[in-house]
Amino acid sequence: MRRTWAPVGATPVLTGFGRHRDKTSVIAALSVSPVRRQLGLSFRTDAHDYLGNTDVADFVRQVLRQLRGPVMVVWDRGSNHRGEPIRELLRRYGRLSIAELPSYSPQLNPVECLWSYLKHGKLANFVPDNVVHLDDVVVEHLCETLVNRRLLRRLWEGSDLPFPSPFSQPEGQ
């Protein structure tokens with residue numbers, strides 16, 4: 001919920017569908033090509049269920065099909081990032097490596113900047129009719145983000161990753 005204008009003494013009331021557990025689960029990957037210095041965005045949503053480790057492994061396989069060469073996945077220590085489906089990915093794809101962020105460090109994860117942009121910007125004060133409507137609007141905003149190279153770059157640079165931006169020019173150029 002964000003601030004909004006209302007007459008003095010009249011609290012604005014937004015009504016929605018309101019079941020406690022209704023939500024859209026979303027996973028995303030912000031990829032960067034170190035050679036071409038281009039960003040990409042991949043995502044998947046599910047309006048009906050949580051994304052478990054099998055879903056995460058399927059998503060990473062999807063990302064691997066889209067990218068060439070070595071791929072390093074940087075993510076938090078969430079329970080859906082662990083388990084046999086993830087270990088099987090690592091065994092099957094030699095070009096895949098995984099780096100875990102320190103405990104509770106969202107400032108290091110560029111995808112957290114994306115979630116913040118969506119939740120506190122695009123979806124602030126948005127009241128969906130139902131969870132499918134919410135999922136549709138989230139997908140719409142993610143598709144808009146997908147083609148906005150400038151926004152993708154700002155999201156990447158909004159994180160506190162401990163290595164230089166792939167967009168800065170190498171010394172001597």
# chains A, B, ... in the order shown; residues from 1 in each chain; ligands from 1
$ select_by_dssp --residues "stretch 85-172 of chain A" --states "strand (DSSP E or B)" --output "ChimeraX atom specification"
/A:96-100
$ closest_atom_pairs --of "stretch 68-171 of chain A" --to "stretch 26-35 of chain A" --cutoff "10 Å" --atoms "only C-alpha atoms" --output "JSON lines"
{"residue": "A:Arg68", "atom": "CA", "partner": "A:Ser33", "partner_atom": "CA", "distance": 9.4}
{"residue": "A:Gly69", "atom": "CA", "partner": "A:Ser33", "partner_atom": "CA", "distance": 9.8}
{"residue": "A:Val71", "atom": "CA", "partner": "A:Ser31", "partner_atom": "CA", "distance": 9.0}
{"residue": "A:Met72", "atom": "CA", "partner": "A:Ser31", "partner_atom": "CA", "distance": 9.3}
{"residue": "A:Val73", "atom": "CA", "partner": "A:Ala29", "partner_atom": "CA", "distance": 8.5}
{"residue": "A:Val74", "atom": "CA", "partner": "A:Ala29", "partner_atom": "CA", "distance": 9.3}
{"residue": "A:Trp75", "atom": "CA", "partner": "A:Ala29", "partner_atom": "CA", "distance": 9.5}
{"residue": "A:Asn109", "atom": "CA", "partner": "A:Leu30", "partner_atom": "CA", "distance": 9.5}
{"residue": "A:Pro110", "atom": "CA", "partner": "A:Leu30", "partner_atom": "CA", "distance": 7.2}
{"residue": "A:Val111", "atom": "CA", "partner": "A:Leu30", "partner_atom": "CA", "distance": 6.5}
{"residue": "A:Glu112", "atom": "CA", "partner": "A:Ala28", "partner_atom": "CA", "distance": 9.6}
{"residue": "A:Leu114", "atom": "CA", "partner": "A:Ala28", "partner_atom": "CA", "distance": 8.9}
{"residue": "A:Trp115", "atom": "CA", "partner": "A:Val26", "partner_atom": "CA", "distance": 9.4}
{"residue": "A:Asp135", "atom": "CA", "partner": "A:Val26", "partner_atom": "CA", "distance": 8.9}
{"residue": "A:Val138", "atom": "CA", "partner": "A:Val26", "partner_atom": "CA", "distance": 8.7}
{"residue": "A:Val139", "atom": "CA", "partner": "A:Val26", "partner_atom": "CA", "distance": 9.2}
{"residue": "A:Leu142", "atom": "CA", "partner": "A:Ala28", "partner_atom": "CA", "distance": 9.3}
{"residue": "A:Leu146", "atom": "CA", "partner": "A:Leu30", "partner_atom": "CA", "distance": 9.5}
{"residue": "A:Leu152", "atom": "CA", "partner": "A:Leu30", "partner_atom": "CA", "distance": 8.0}
{"residue": "A:Arg153", "atom": "CA", "partner": "A:Val32", "partner_atom": "CA", "distance": 9.5}
{"residue": "A:Leu155", "atom": "CA", "partner": "A:Leu30", "partner_atom": "CA", "distance": 9.0}
{"residue": "A:Trp156", "atom": "CA", "partner": "A:Leu30", "partner_atom": "CA", "distance": 7.8}
{"residue": "A:Ser165", "atom": "CA", "partner": "A:Pro34", "partner_atom": "CA", "distance": 9.7}
{"residue": "A:Pro166", "atom": "CA", "partner": "A:Pro34", "partner_atom": "CA", "distance": 6.1}
{"residue": "A:Phe167", "atom": "CA", "partner": "A:Pro34", "partner_atom": "CA", "distance": 8.7}
$ residues_around --residues "A:Val147" --least-positions-apart "5" --cutoff "12 Å" --atoms "only C-alpha atoms" --output "ChimeraX atom specification"
/A:38-42,140-142,152-153
$ atom_distance --atom1 "atom CA of A:Val56" --atom2 "atom CA of A:Arg87"
11.8 Å
$ atom_distance --atom1 "atom CA of A:Thr45" --atom2 "atom CA of A:Cys143"
11.9 Å
$ closest_residue --among "A:Asp136, A:Asp55, A:Asp160, A:Asp49" --to "A:His81" --atoms "only C-alpha atoms"
A:Asp55
$ select_by_dssp --residues "chain A" --states "helix (DSSP H, G or I)" --output "count of residues only"
67
$ closest_residue --among "A:Ala99, A:Val137, A:Val132, A:Leu151" --to "A:Tyr117" --atoms "only C-alpha atoms"
A:Leu151
$ atom_distance --atom1 "atom CA of A:Arg77" --atom2 "atom CA of A:Cys113"
17.4 Å
